[in-house]
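Colleague: Here it is: the structure, laid out below.
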Amino acid sequence: MLREGARGERVRELQARLRQAGHFGLNPTGYYGTVTSASVSAFQTAGGLPASGDVTHETWDALVARTRTPTRQELYPPTTRPVAEPDPRCLTGRAMCISKESRTLAWMVDGTVLSTMDVRFGSELTPTREGSFAVSFKSRHHHSTLYDTPMPYAMFFSGGQAVHYSADFAANGYGGASHGCVNVRDERRIAALFDQVRPGDKVIVY
């Protein structure tokens with residue numbers, strides 16, 4: 001039915017069901033790559049089926065029997081990786097809650113998550129600082145004079161480090177790194193976040 005290289009809605013449903021069954025650690029992408037193939041093999045092994053990594057009718061039927069129909073939120077999550085449990089410092093007031101482990105940002109107000117997005121961080125040479133900070137100032141059309149690069153929707157929180165949109169992250173994903181800033185790759189989401197965040201709001205990087 002499905003094998004490595006496949007794309008589409010059925011693959012997305014497969015991944016969501018594998019995630020329910022505890023065999024897929026990411027959020028659905030709709031692309032059947034090596035991670036999905038390994039997850040299918042793990043499910044097949046656990047169920048006593050031939051571990052081919054390909055979805056046969058027998059494998060699909062077994063998976064459907066062990067899972068429920070995925071919700072739209074499960075099929076189309078806002079991040080590629082599951083959002084981490086929020087740091088306790090994020091649970092009060094207004095906070096950008098940024099997890100290095102899950103590589104996600106959650107915008108939280110009074111303990112409620114209002115939006116989430118994928119982020120990436122600085123390299124080993126220019127690491128993103130961890131700790132509790134506050135937004136010092138915002139700059140919608142910022143341009144870094146130090147690195148001569150655009151930093152749209154920049155929200156500065158620690159010296160020259162800011163949360164901002166990155167066209168490079170959008171194009172190349174986690175293949176690159178920032179110079180210490182928190183990069184966001186979804187321009188629509190960070191534009192909306194930029195309009196909501198105020199100077200003085202918390203930035204928790206953990």
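In the structure tokens, chains take letters A, B, ... by order of appearance, with residues numbered from 1 within each chain and ligands from 1 in the order shown.
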Just list the residues in segment 28-139 of chain A DSSP gives helix (DSSP H, G or I) on the backbone, as number ranges by chain.
Modeller: A: 34-46, 57-66, 72-75, 88-90
Colleague: Hey, could you make a per-residue contact list for segment 147-199 of chain A against segment 76-94 of chain A with 10 Å as the cut-off, showing the nearest pair of atoms and its distance in Å to one decimal, counting only C-alpha atoms, sorted by chain and number, as CSV?
Modeller:
```
residue,atom,partner,partner_atom,distance
A:Asp186,CA,A:Pro78,CA,9.5
A:Arg189,CA,A:Pro78,CA,9.4
A:Gln196,CA,A:Arg94,CA,10.0
A:Val197,CA,A:Arg94,CA,8.2
A:Arg198,CA,A:Arg94,CA,8.9
```
Colleague: What are the nearest atom pairs, with distances in Å to one decimal, for all residues of segment 17-47 of chain A that come at most 6 Å from segment 53-63 of chain A, using only C-alpha atoms, set out by chain and rising residue number as JSON lines?
Modeller:
```
{"residue": "A:Ser37", "atom": "CA", "partner": "A:Gly53", "partner_atom": "CA", "distance": 4.6}
{"residue": "A:Val40", "atom": "CA", "partner": "A:Gly53", "partner_atom": "CA", "distance": 5.1}
{"residue": "A:Ser41", "atom": "CA", "partner": "A:Gly53", "partner_atom": "CA", "distance": 4.4}
```
Colleague: List the neighbours of Arg120 of chain A out to 7 Å using only C-alpha atoms; skip same-chain residues closer than 6 positions along the sequence, and give me the result as a list in words.
Modeller: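 The residues that qualify are Arg103, Tyr174, Ala177, Val182, Asn183 and Val184 of chain A.
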Colleague: Could you give me, as a list in words, the residues within 12 Å of Phe169 of chain A, counting only C-alpha atoms and dropping anything in the same chain fewer than 2 positions from it?
Modeller: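 Residues meeting the cut-off are Asp118, Val119, Arg120, Phe121, Gly122, Met151, His164, Tyr165, Ser166, Ala167, Ala171, Asn172, Gly173, Tyr174, Gly175, Gly176, Ala177, Ser178, Cys181, Val182, Asn183, Val184, Arg185, Asp186 and Glu187 of chain A.
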Colleague: Go through A:Gln15, A:Gln20, A:Cys97, A:Gly47 one by one, measure the shortest atom-to-atom distance of each to Val35 of chain A using only C-alpha atoms, and give the residue with the smallest value.
Modeller: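 Closest to Val35 of chain A of all the choices is A:Gln15.
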Colleague: Would you list, as a PyMOL selection string, the residues of segment 3-178 of chain A that end up in strand (DSSP E) under DSSP run on this structure's backbone?
Modeller: chain A and resi 94-99+104-109+112-120+131-134+137-144+149-158+161-165
Colleague: Please write the residues from the selection above to a file, keeping C-alpha atoms, as a short mmCIF file (atom, residue, chain, number, x, y, z; two decimals), in the first residue's frame.
Modeller:
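Okay, again_5.cif is ready:
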```cif
data_model
loop_
_atom_site.label_atom_id
_atom_site.label_comp_id
_atom_site.auth_asym_id
_atom_site.auth_seq_id
_atom_site.Cartn_x
_atom_site.Cartn_y
_atom_site.Cartn_z
CA ARG A 94 3.12 36.50 29.12
CA ALA A 95 6.02 34.36 27.89
CA MET A 96 7.77 33.08 24.82
CA CYS A 97 8.62 29.59 26.08
CA ILE A 98 11.54 28.28 23.99
CA SER A 99 12.74 24.68 24.34
CA THR A 104 9.91 24.73 19.51
CA LEU A 105 8.59 28.08 20.72
CA ALA A 106 5.26 28.29 22.55
CA TRP A 107 3.65 31.69 23.07
CA MET A 108 1.88 31.45 26.42
CA VAL A 109 -0.38 33.81 28.35
CA THR A 112 -2.31 28.82 28.11
CA VAL A 113 -0.51 28.04 24.83
CA LEU A 114 -1.80 30.42 22.14
CA SER A 115 0.56 29.51 19.30
CA THR A 116 3.57 27.31 18.59
CA MET A 117 6.29 27.25 15.95
CA ASP A 118 9.54 25.50 14.99
CA VAL A 119 12.78 27.24 15.95
CA ARG A 120 16.51 26.70 15.58
CA GLY A 131 17.80 31.54 31.05
CA SER A 132 15.00 33.96 31.89
CA PHE A 133 14.96 37.20 29.91
CA ALA A 134 12.55 39.94 28.88
CA PHE A 137 12.73 46.06 22.09
CA LYS A 138 11.10 45.06 18.80
CA SER A 139 12.13 45.86 15.23
CA ARG A 140 9.83 44.75 12.39
CA HIS A 141 12.33 45.34 9.55
CA HIS A 142 15.60 44.87 11.42
CA HIS A 143 18.87 44.35 9.55
CA SER A 144 21.97 43.09 11.35
CA THR A 149 21.67 39.96 7.17
CA PRO A 150 17.95 40.71 7.48
CA MET A 151 16.22 39.90 10.79
CA PRO A 152 12.51 40.53 10.14
CA TYR A 153 10.12 40.62 13.12
CA ALA A 154 13.05 40.79 15.56
CA MET A 155 12.23 40.69 19.27
CA PHE A 156 15.45 41.24 21.22
CA PHE A 157 15.86 39.61 24.61
CA SER A 158 19.60 39.31 25.44
CA GLN A 161 20.13 37.90 20.48
CA ALA A 162 16.55 38.01 19.26
CA VAL A 163 13.66 35.86 18.16
CA HIS A 164 13.16 36.59 14.45
CA TYR A 165 12.12 35.17 11.08
#
```
Colleague: In Å, rounded to a single decimal, give me how far atom CA of Leu14 of chain A is from atom CA of Pro70 of chain A.
Modeller: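 Interatomic distance here is 9.4 Å.
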Colleague: Grab the atom CA of Leu75 of chain A to atom CA of Gly8 of chain A distance for me, in Å with one decimal place.
Modeller: 11.4 Å
Colleague: List the neighbours of Tyr32 of chain A out to 8 Å using only C-alpha atoms; skip same-chain residues closer than 3 positions along the sequence, and give me the result as an mmCIF file with all heavy atoms, in the first residue's frame.
Modeller:
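Contents of part.cif, as written:
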```cif
data_model
loop_
_atom_site.group_PDB
_atom_site.id
_atom_site.type_symbol
_atom_site.label_atom_id
_atom_site.label_comp_id
_atom_site.auth_asym_id
_atom_site.auth_seq_id
_atom_site.Cartn_x
_atom_site.Cartn_y
_atom_site.Cartn_z
ATOM 1 N N ARG A 3 5.103 2.734 0.744
ATOM 2 C CA ARG A 3 6.513 2.432 1.014
ATOM 3 C C ARG A 3 7.324 3.718 0.942
ATOM 4 O O ARG A 3 6.798 4.781 0.608
ATOM 5 C CB ARG A 3 7.055 1.400 0.031
ATOM 6 C CG ARG A 3 6.994 1.809 -1.430
ATOM 7 C CD ARG A 3 7.831 0.860 -2.300
ATOM 8 N NE ARG A 3 7.527 -0.524 -2.063
ATOM 9 C CZ ARG A 3 6.626 -1.237 -2.742
ATOM 10 N NH1 ARG A 3 5.927 -0.640 -3.702
ATOM 11 N NH2 ARG A 3 6.424 -2.499 -2.476
ATOM 12 N N GLU A 4 8.623 3.608 1.274
ATOM 13 C CA GLU A 4 9.496 4.773 1.308
ATOM 14 C C GLU A 4 9.451 5.532 -0.016
ATOM 15 O O GLU A 4 9.494 4.939 -1.087
ATOM 16 C CB GLU A 4 10.927 4.317 1.611
ATOM 17 C CG GLU A 4 11.836 5.429 2.102
ATOM 18 C CD GLU A 4 13.144 4.898 2.673
ATOM 19 O OE1 GLU A 4 13.133 3.852 3.346
ATOM 20 O OE2 GLU A 4 14.170 5.550 2.426
ATOM 21 N N GLY A 5 9.336 6.854 0.089
ATOM 22 C CA GLY A 5 9.243 7.707 -1.090
ATOM 23 C C GLY A 5 7.844 8.211 -1.349
ATOM 24 O O GLY A 5 7.648 9.163 -2.113
ATOM 25 N N ALA A 6 6.833 7.565 -0.714
ATOM 26 C CA ALA A 6 5.449 7.982 -0.902
ATOM 27 C C ALA A 6 5.185 9.318 -0.207
ATOM 28 O O ALA A 6 5.849 9.683 0.762
ATOM 29 C CB ALA A 6 4.496 6.914 -0.365
ATOM 30 N N ARG A 7 4.205 10.043 -0.735
ATOM 31 C CA ARG A 7 3.782 11.312 -0.148
ATOM 32 C C ARG A 7 2.264 11.384 -0.151
ATOM 33 O O ARG A 7 1.611 10.677 -0.900
ATOM 34 C CB ARG A 7 4.295 12.508 -0.969
ATOM 35 C CG ARG A 7 5.795 12.631 -1.094
ATOM 36 C CD ARG A 7 6.156 13.767 -2.035
ATOM 37 N NE ARG A 7 7.598 13.900 -2.210
ATOM 38 C CZ ARG A 7 8.375 14.654 -1.455
ATOM 39 N NH1 ARG A 7 7.832 15.366 -0.473
ATOM 40 N NH2 ARG A 7 9.674 14.719 -1.658
ATOM 41 N N VAL A 11 -0.135 8.989 3.878
ATOM 42 C CA VAL A 11 1.114 8.928 4.649
ATOM 43 C C VAL A 11 0.961 9.734 5.934
ATOM 44 O O VAL A 11 1.395 9.311 7.011
ATOM 45 C CB VAL A 11 2.303 9.455 3.822
ATOM 46 C CG1 VAL A 11 3.569 9.503 4.681
ATOM 47 C CG2 VAL A 11 2.536 8.585 2.599
ATOM 48 N N VAL A 35 12.704 7.611 8.516
ATOM 49 C CA VAL A 35 12.158 7.593 9.880
ATOM 50 C C VAL A 35 10.817 6.872 9.912
ATOM 51 O O VAL A 35 10.550 6.042 10.790
ATOM 52 C CB VAL A 35 12.009 9.036 10.418
ATOM 53 C CG1 VAL A 35 11.293 9.034 11.770
ATOM 54 C CG2 VAL A 35 13.366 9.702 10.551
ATOM 55 N N THR A 36 9.966 7.160 8.924
ATOM 56 C CA THR A 36 8.661 6.486 8.853
ATOM 57 C C THR A 36 8.833 5.002 8.598
ATOM 58 O O THR A 36 8.151 4.168 9.204
ATOM 59 C CB THR A 36 7.795 7.124 7.745
ATOM 60 O OG1 THR A 36 7.657 8.518 8.011
ATOM 61 C CG2 THR A 36 6.412 6.481 7.707
ATOM 62 N N SER A 37 9.763 4.652 7.708
ATOM 63 C CA SER A 37 10.013 3.245 7.407
ATOM 64 C C SER A 37 10.456 2.493 8.664
ATOM 65 O O SER A 37 9.976 1.381 8.946
ATOM 66 C CB SER A 37 11.089 3.129 6.322
ATOM 67 O OG SER A 37 11.348 1.775 6.022
#
```
